[in-house]
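Trainee: Below is the file target_2.cif, which contains mmCIF, C-alpha atoms.
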```cif
data_final
#
loop_
_atom_site.label_atom_id
_atom_site.label_comp_id
_atom_site.auth_asym_id
_atom_site.auth_seq_id
_atom_site.Cartn_x
_atom_site.Cartn_y
_atom_site.Cartn_z
CA MET A 286 99.73 144.86 108.97
CA ILE A 287 96.74 142.59 109.45
CA GLY A 288 96.66 141.33 105.88
CA GLU A 289 96.57 137.61 105.28
CA PRO A 290 100.07 136.21 104.55
CA GLY A 291 100.77 134.50 101.25
CA PRO A 292 100.67 130.70 101.04
CA THR A 293 103.80 128.59 101.52
CA GLN A 294 104.61 124.94 100.92
CA ALA A 295 105.03 124.51 104.68
CA ASP A 296 101.46 125.61 105.49
CA LEU A 297 99.27 123.22 107.46
CA HIS A 298 95.67 122.95 106.23
CA PHE A 299 92.59 121.41 107.84
CA ARG A 300 88.89 122.12 108.35
CA LEU A 301 87.12 122.50 111.68
CA PHE A 302 83.33 122.79 111.92
CA GLY A 303 83.38 123.18 108.15
CA ILE A 304 85.65 126.26 108.31
CA PRO A 305 89.02 126.13 106.48
CA VAL A 306 92.08 126.69 108.69
CA ARG A 307 95.59 127.47 107.45
CA ILE A 308 98.63 127.61 109.75
CA HIS A 309 101.59 129.57 108.42
CA PRO A 310 105.00 128.18 109.54
CA PHE A 311 105.92 131.49 111.19
CA PHE A 312 103.09 130.92 113.67
CA TRP A 313 105.10 128.12 115.26
CA VAL A 314 108.33 130.11 115.10
CA VAL A 315 106.87 133.12 116.90
CA ALA A 316 105.11 130.93 119.49
CA VAL A 317 108.42 129.24 120.31
CA LEU A 318 110.25 132.58 120.50
CA LEU A 319 107.60 134.00 122.86
CA GLY A 320 107.90 130.96 125.09
CA ALA A 321 111.69 131.10 125.08
CA THR A 322 111.80 134.80 125.92
CA GLY A 323 109.25 134.16 128.67
CA GLY A 324 111.63 131.72 130.37
CA ASP A 325 110.24 128.41 129.07
CA THR A 326 113.53 126.94 127.90
CA ASP A 327 112.84 123.39 129.00
CA PRO A 328 111.65 121.46 125.90
CA VAL A 329 108.58 120.03 127.65
CA ASP A 330 107.62 123.41 129.14
CA LEU A 331 108.10 125.05 125.76
CA LEU A 332 105.90 122.43 124.07
CA ILE A 333 103.17 122.99 126.68
CA TRP A 334 103.37 126.74 125.99
CA VAL A 335 103.07 126.25 122.23
CA VAL A 336 100.05 123.95 122.70
CA ALA A 337 98.40 126.56 124.95
CA VAL A 338 99.05 129.32 122.41
CA PHE A 339 97.74 127.22 119.51
CA VAL A 340 94.54 126.15 121.26
CA SER A 341 93.83 129.61 122.68
CA ILE A 342 94.37 131.53 119.45
CA LEU A 343 92.41 128.96 117.44
CA ILE A 344 89.45 129.30 119.84
CA HIS A 345 89.73 133.09 119.68
CA GLU A 346 89.63 133.11 115.88
CA PHE A 347 86.77 130.62 115.79
CA GLY A 348 84.82 132.99 118.01
CA HIS A 349 85.11 135.51 115.18
CA ALA A 350 84.59 132.97 112.40
CA LEU A 351 81.53 131.19 113.82
CA THR A 352 79.86 134.51 114.60
CA ALA A 353 80.55 135.75 111.07
CA ARG A 354 79.07 132.54 109.66
CA TYR A 355 75.99 133.00 111.85
CA PHE A 356 75.40 136.32 110.09
CA GLY A 357 75.74 134.73 106.67
CA ALA A 358 79.43 135.18 105.85
CA GLU A 359 81.82 132.51 104.54
CA PRO A 360 84.79 132.63 106.95
CA TRP A 361 88.23 131.09 106.98
CA VAL A 362 90.95 131.20 109.66
CA THR A 363 94.67 131.84 109.28
CA LEU A 364 97.21 131.47 112.08
CA TYR A 365 100.40 133.36 111.32
CA SER A 366 103.22 135.36 112.88
CA PHE A 367 101.00 138.11 114.32
CA GLY A 368 98.71 135.51 115.94
CA GLY A 369 95.53 134.80 114.05
CA LEU A 370 93.19 136.24 111.49
CA ALA A 371 89.55 135.35 110.85
CA SER A 372 88.63 136.48 107.35
CA TYR A 373 85.35 136.35 105.47
CA HIS A 374 83.98 137.44 102.13
CA PRO A 375 82.57 140.97 102.18
CA MET A 376 78.95 141.37 103.13
CA ARG A 377 76.76 144.40 103.66
CA HIS A 378 78.52 146.59 106.21
CA ASP A 379 76.60 146.83 109.48
CA SER A 380 78.55 148.29 112.39
CA ARG A 381 76.50 146.41 114.97
CA ILE A 382 77.21 143.05 113.33
CA THR A 383 80.87 143.98 112.85
CA ILE A 384 81.21 144.84 116.55
CA LEU A 385 79.61 141.52 117.54
CA ILE A 386 82.00 139.61 115.28
CA LEU A 387 84.99 141.49 116.71
CA ALA A 388 83.92 141.02 120.33
CA ALA A 389 83.25 137.30 119.80
CA GLY A 390 86.97 136.51 119.61
CA PRO A 391 87.95 137.64 123.12
CA GLY A 392 84.55 136.47 124.33
CA ALA A 393 85.28 132.92 123.13
CA GLY A 394 88.60 133.01 124.96
CA PHE A 395 86.97 134.14 128.21
CA LEU A 396 84.32 131.40 127.93
CA PHE A 397 86.99 128.78 127.24
CA LEU A 398 88.98 129.94 130.27
CA ALA A 399 85.84 129.80 132.43
CA LEU A 400 85.29 126.20 131.28
CA VAL A 401 88.90 125.26 132.11
CA LEU A 402 88.65 126.82 135.57
CA ALA A 403 85.29 125.13 136.19
CA VAL A 404 86.86 121.75 135.40
CA VAL A 405 89.83 122.49 137.68
CA TYR A 406 87.51 123.61 140.49
CA GLY A 407 85.28 120.59 139.95
CA ALA A 408 88.34 118.36 140.31
CA GLY A 409 88.81 119.68 143.85
CA TYR A 410 91.40 122.43 143.35
CA ASP A 411 90.90 125.94 144.67
CA VAL A 412 90.52 128.84 142.23
CA GLN A 413 90.66 132.45 143.45
CA VAL A 414 90.60 135.95 141.99
CA VAL A 415 93.64 137.95 143.15
CA PRO A 416 94.31 141.72 142.89
CA SER A 417 97.52 141.41 140.84
CA MET A 418 98.68 139.56 137.75
CA PRO A 419 97.76 136.94 136.67
CA TRP A 420 94.52 137.94 138.52
CA ILE A 421 93.42 134.32 138.84
CA TRP A 422 95.21 131.96 141.22
CA VAL A 423 94.88 128.22 140.79
CA GLU A 424 95.90 125.81 143.52
CA PRO A 425 98.88 123.71 142.36
CA ILE A 426 97.73 120.57 140.56
CA ALA A 427 99.36 117.23 141.32
CA ASN A 428 100.58 116.85 137.73
CA PRO A 429 103.11 119.70 137.18
CA ASN A 430 102.74 119.62 133.39
CA LEU A 431 98.97 119.90 133.63
CA TYR A 432 99.36 122.73 136.14
CA LEU A 433 101.71 124.58 133.78
CA LEU A 434 99.19 124.15 130.96
CA VAL A 435 96.43 125.66 133.12
CA GLU A 436 98.71 128.57 134.11
CA ASN A 437 99.51 129.26 130.47
CA LEU A 438 95.83 129.11 129.49
CA VAL A 439 94.97 131.58 132.26
CA PHE A 440 97.66 134.01 131.12
CA ILE A 441 96.88 133.79 127.39
CA ASN A 442 93.08 133.84 127.53
CA LEU A 443 92.76 136.39 130.34
CA PHE A 444 95.71 138.76 129.93
CA TRP A 445 95.97 138.57 126.13
CA GLY A 446 92.18 138.71 125.88
CA LEU A 447 91.99 141.90 127.93
CA VAL A 448 94.90 143.47 126.05
CA ASN A 449 93.17 142.60 122.79
CA LEU A 450 90.18 144.70 123.87
CA LEU A 451 92.26 147.86 124.27
CA PRO A 452 91.22 150.55 121.74
CA ILE A 453 94.45 150.12 119.79
CA TYR A 454 94.39 149.35 116.07
CA PRO A 455 94.51 146.64 114.71
CA LEU A 456 93.54 144.83 117.92
CA ASP A 457 89.90 143.84 118.21
CA GLY A 458 89.32 146.66 120.67
CA GLY A 459 90.81 149.16 118.23
CA GLN A 460 88.52 147.99 115.45
CA ILE A 461 85.52 148.09 117.80
CA ALA A 462 86.47 151.65 118.78
CA ARG A 463 86.67 152.59 115.10
CA GLU A 464 83.18 151.24 114.46
CA LEU A 465 81.77 153.09 117.47
CA PHE A 466 83.43 156.36 116.50
CA MET A 467 82.10 155.99 112.96
CA ARG A 468 78.55 155.42 114.21
CA PHE A 469 78.51 158.79 115.97
CA ASP A 470 80.86 160.83 113.80
CA LEU A 471 81.03 159.74 110.17
CA ARG A 472 83.35 162.56 109.11
CA ASP A 473 86.04 162.37 111.81
CA GLY A 474 85.40 158.94 113.33
CA ILE A 475 88.41 157.19 111.87
CA ARG A 476 90.75 160.06 112.70
CA ASN A 477 89.58 160.20 116.33
CA SER A 478 89.84 156.43 116.72
CA LEU A 479 93.43 156.57 115.50
CA TYR A 480 94.29 159.38 117.93
CA LEU A 481 92.89 157.23 120.72
CA SER A 482 94.82 154.24 119.38
CA MET A 483 98.10 156.19 119.44
CA ALA A 484 97.54 157.49 122.97
CA CYS A 485 96.68 154.07 124.38
CA ALA A 486 99.54 152.36 122.55
CA VAL A 487 102.06 154.89 123.87
CA GLY A 488 100.67 154.41 127.38
CA MET A 489 100.96 150.62 127.10
CA ALA A 490 104.50 150.88 125.73
CA ILE A 491 105.53 152.98 128.75
CA TYR A 492 103.70 150.68 131.16
CA GLY A 493 105.22 147.58 129.59
CA GLY A 494 108.74 148.97 129.67
CA LEU A 495 108.73 150.59 133.12
CA GLN A 496 106.19 148.63 135.17
CA LEU A 497 106.31 145.17 133.60
CA GLN A 498 109.99 145.40 132.65
CA SER A 499 109.13 143.83 129.29
CA VAL A 500 111.11 144.98 126.27
CA PHE A 501 108.81 142.93 124.03
CA ILE A 502 105.63 144.69 125.22
CA ALA A 503 107.30 148.10 125.00
CA LEU A 504 108.46 147.46 121.43
CA MET A 505 105.18 145.90 120.30
CA PHE A 506 103.00 148.77 121.52
CA GLY A 507 105.53 151.31 120.35
CA PHE A 508 105.21 149.78 116.90
CA LEU A 509 101.41 149.87 117.10
CA ALA A 510 101.53 153.56 118.10
CA PHE A 511 103.75 154.31 115.11
CA SER A 512 101.47 152.27 112.86
CA SER A 513 98.44 154.35 113.91
CA TYR A 514 100.45 157.52 113.30
CA GLN A 515 101.35 156.30 109.80
CA MET A 516 97.68 155.57 109.05
CA LEU A 517 96.79 159.10 110.08
CA GLN A 518 99.45 160.53 107.80
CA GLN A 519 98.38 158.35 104.87
CA MET A 520 94.73 159.30 105.22
CA GLN A 521 95.58 162.97 105.57
CA GLY A 522 97.67 162.70 102.43
CA ARG A 523 94.67 161.32 100.56
CA GLY A 524 92.73 164.39 101.61
CA GLY A 525 89.87 162.78 103.46
CA TRP A 526 88.74 161.20 106.69
CA GLY A 527 85.18 160.04 106.23
CA GLY A 528 83.54 156.87 105.02
CA PRO A 529 82.96 153.61 106.85
CA ARG A 530 85.48 151.73 104.69
CA GLY A 531 88.39 154.11 105.21
CA TRP A 532 91.01 151.40 104.73
#
```
Please express what this file holds, its structure, as structure tokens.
Mentor:
Amino acid sequence: MIGEPGPTQADLHFRLFGIPVRIHPFFWVVAVLLGATGGDTDPVDLLIWVVAVFVSILIHEFGHALTARYFGAEPWVTLYSFGGLASYHPMRHDSRITILILAAGPGAGFLFLALVLAVVYGAGYDVQVVPSMPWIWVEPIANPNLYLLVENLVFINLFWGLVNLLPIYPLDGGQIARELFMRFDLRDGIRNSLYLSMACAVGMAIYGGLQLQSVFIALMFGFLAFSSYQMLQQMQGRGGWGGPRGW
């Protein structure tokens, strides 16, 4: 599910900070669909949403990629239908380094959001933490398009960043949970991390459907719960649970 998609003639290629980046055409398609289902049907609003998604996911993946390069890996970044993927050539497995690389993605998004909010606050607009979604309130900016961009950046980098840290595979939080389980229980670590992944995914599917009234969130986390269940069945069929490179 998190494998790198095959190349297409419509791919966009460039390098940033010396790291190769490839954008699969389905990245744009899914970004537009997410914006449309979220109510951004105006062409300008939809374009602002797509820009916010592109910048945010690229920064997230570069958090992974730059951290991996710091530890000696050769990374590359792919943006595709499931969001983004920072890949790198295998190096000696070290759970502590792996956890740092995984956490660097959401961390980069949080730092980027803090920078955006600092600029907004420095420009004279009020910024407050509120007890309900989106958890950060920004005083309306004179330019409505710029204000919409800031709102989208808050939602993507804060809400998506926090969701990404949930212990659900293959989200970053799910992979971090797997590494932590494996550090303390080599034999059953993967199995227990997948049980946790299923439970959290089911909970998020129920919360998304009932509380947030979002069919998309309910279906997405329902799919992730089923995916974790399938992984459990496949590993059980192979007759083993242990090993730090279980899949």
Trainee: Could you write out as a list in words the residues that the PyMOL selection byres ((chain A and resi 513) around 10) matches in the shown file?
Mentor: Ile453, Tyr454, Pro455, Arg476, Ser478, Leu479, Tyr480, Leu481, Ser482, Met483, Ala484, Ala486, Phe508, Leu509, Ala510, Phe511, Ser512, Tyr514, Gln515, Met516, Leu517, Gln518 and Gln519 of chain A
Trainee: Can you write out the residues you just picked, keeping C-alpha atoms, as a tab-separated table (two decimals), in the frame of the given file?
Mentor:
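Dumped to again.tsv:
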```
chain	number	residue	atom	x	y	z
A	453	ILE	CA	94.45	150.12	119.79
A	454	TYR	CA	94.39	149.35	116.07
A	455	PRO	CA	94.51	146.64	114.71
A	476	ARG	CA	90.75	160.06	112.70
A	478	SER	CA	89.84	156.43	116.72
A	479	LEU	CA	93.43	156.57	115.50
A	480	TYR	CA	94.29	159.38	117.93
A	481	LEU	CA	92.89	157.23	120.72
A	482	SER	CA	94.82	154.24	119.38
A	483	MET	CA	98.10	156.19	119.44
A	484	ALA	CA	97.54	157.49	122.97
A	486	ALA	CA	99.54	152.36	122.55
A	508	PHE	CA	105.21	149.78	116.90
A	509	LEU	CA	101.41	149.87	117.10
A	510	ALA	CA	101.53	153.56	118.10
A	511	PHE	CA	103.75	154.31	115.11
A	512	SER	CA	101.47	152.27	112.86
A	514	TYR	CA	100.45	157.52	113.30
A	515	GLN	CA	101.35	156.30	109.80
A	516	MET	CA	97.68	155.57	109.05
A	517	LEU	CA	96.79	159.10	110.08
A	518	GLN	CA	99.45	160.53	107.80
A	519	GLN	CA	98.38	158.35	104.87
```
Trainee: Find the residue from A:Val500, A:Leu364, A:Met505, A:Leu318 that sits nearest to Pro305 in chain A; use only C-alpha atoms when measuring.
Mentor: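 Of the candidates, the smallest distance to Pro305 in chain A is held by A:Leu364.
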Trainee: Under the PyMOL selection byres ((chain A and resi 369-385) around 8), which residues of this model are included? Write them out as a compact mmCIF listing (two decimals) with C-alpha atoms, in the coordinates of the input.
Mentor:
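File written: result-v1.txt
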```txt
# COMPACT_ATOMS: atom_id res chain seq x y z
CA ILE A 287 96.74 142.59 109.45
CA GLU A 289 96.57 137.61 105.28
CA ILE A 342 94.37 131.53 119.45
CA LEU A 343 92.41 128.96 117.44
CA GLU A 346 89.63 133.11 115.88
CA PHE A 347 86.77 130.62 115.79
CA HIS A 349 85.11 135.51 115.18
CA ALA A 350 84.59 132.97 112.40
CA THR A 352 79.86 134.51 114.60
CA ALA A 353 80.55 135.75 111.07
CA PHE A 356 75.40 136.32 110.09
CA ALA A 358 79.43 135.18 105.85
CA GLU A 359 81.82 132.51 104.54
CA PRO A 360 84.79 132.63 106.95
CA TRP A 361 88.23 131.09 106.98
CA VAL A 362 90.95 131.20 109.66
CA THR A 363 94.67 131.84 109.28
CA LEU A 364 97.21 131.47 112.08
CA TYR A 365 100.40 133.36 111.32
CA SER A 366 103.22 135.36 112.88
CA PHE A 367 101.00 138.11 114.32
CA GLY A 368 98.71 135.51 115.94
CA ILE A 386 82.00 139.61 115.28
CA LEU A 387 84.99 141.49 116.71
CA ALA A 388 83.92 141.02 120.33
CA ALA A 389 83.25 137.30 119.80
CA ILE A 461 85.52 148.09 117.80
CA GLU A 464 83.18 151.24 114.46
CA LEU A 465 81.77 153.09 117.47
CA ARG A 468 78.55 155.42 114.21
```
Trainee: So which residues are close to (104.1, 121.6, 108.8), meaning at most 12 Å away in the file's coordinates with all atoms listed in the file counted, and can you show them as a ChimeraX atom specification?
Mentor: /A:293-299,307-314
Trainee: Can you translate the PyMOL selection byres ((chain A and resi 503) around 12) into the concrete residues it hits in this file, as a list of chain:residue names?
Mentor: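 Here the PyMOL selection byres ((chain A and resi 503) around 12) matches A:Ala486, A:Val487, A:Gly488, A:Met489, A:Ala490, A:Ile491, A:Tyr492, A:Gly493, A:Gly494, A:Leu495, A:Gln496, A:Leu497, A:Gln498, A:Ser499, A:Val500, A:Phe501, A:Ile502, A:Leu504, A:Met505, A:Phe506, A:Gly507, A:Phe508, A:Leu509, A:Ala510.
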Trainee: A:Gly522, A:Gly320, A:Gly407, A:Pro391: which is nearest Asn437 in chain A, counting all atoms listed in the file?
Mentor: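 Counting all atoms listed in the file, the residue closest to Asn437 in chain A is A:Gly320.
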Trainee: Please produce, as JSON lines, a per-residue contact table for range 436-518 of chain A versus range 415-420 of chain A (criterion: any atom at most 12 Å away, only C-alpha atoms considered), showing the nearest atom pair and its distance in Å to one decimal, sorted by chain then residue number.
Mentor:
```
{"residue": "A:Glu436", "atom": "CA", "partner": "A:Pro419", "partner_atom": "CA", "distance": 8.8}
{"residue": "A:Asn437", "atom": "CA", "partner": "A:Pro419", "partner_atom": "CA", "distance": 10.0}
{"residue": "A:Leu438", "atom": "CA", "partner": "A:Pro419", "partner_atom": "CA", "distance": 10.8}
{"residue": "A:Val439", "atom": "CA", "partner": "A:Pro419", "partner_atom": "CA", "distance": 7.5}
{"residue": "A:Phe440", "atom": "CA", "partner": "A:Pro419", "partner_atom": "CA", "distance": 6.3}
{"residue": "A:Ile441", "atom": "CA", "partner": "A:Pro419", "partner_atom": "CA", "distance": 9.8}
{"residue": "A:Asn442", "atom": "CA", "partner": "A:Pro419", "partner_atom": "CA", "distance": 10.7}
{"residue": "A:Leu443", "atom": "CA", "partner": "A:Pro419", "partner_atom": "CA", "distance": 8.1}
{"residue": "A:Phe444", "atom": "CA", "partner": "A:Pro419", "partner_atom": "CA", "distance": 7.3}
{"residue": "A:Trp445", "atom": "CA", "partner": "A:Pro419", "partner_atom": "CA", "distance": 10.8}
{"residue": "A:Leu447", "atom": "CA", "partner": "A:Trp420", "partner_atom": "CA", "distance": 11.6}
{"residue": "A:Leu497", "atom": "CA", "partner": "A:Met418", "partner_atom": "CA", "distance": 10.3}
```
Trainee: Just checking: using all atoms listed in the file, which residue out of A:Gly409, A:Pro425, A:Gly357, A:Gly446 ends up closest to Ala393 in chain A?
Mentor: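 Selected residue with least distance to Ala393 in chain A: A:Gly446.
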Trainee: When you draw a straight line from CA of Val336 in chain A to CA of Leu434 in chain A, how long is it in Å?
Mentor: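 Distance reported for this atom pair: 8.3 Å.
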Trainee: How many Å separate CA of Gly394 in chain A from CA of Asp411 in chain A?
Mentor: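 Atom-to-atom, CA of Gly394 in chain A and CA of Asp411 in chain A are spaced 21.1 Å apart.
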Trainee: Between CA of Gln460 in chain A and CA of Gly474 in chain A, what is the spacing in Å?
Mentor: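 Value for the CA of Gly474 in chain A-CA of Gln460 in chain A distance: 11.6 Å.
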Trainee: With distances taken over all atoms listed in the file, which residue among A:Leu433, A:Ile304, A:Val338, A:Leu398 lies nearest Val317 in chain A?
Mentor: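 Selected residue with least distance to Val317 in chain A: A:Val338.
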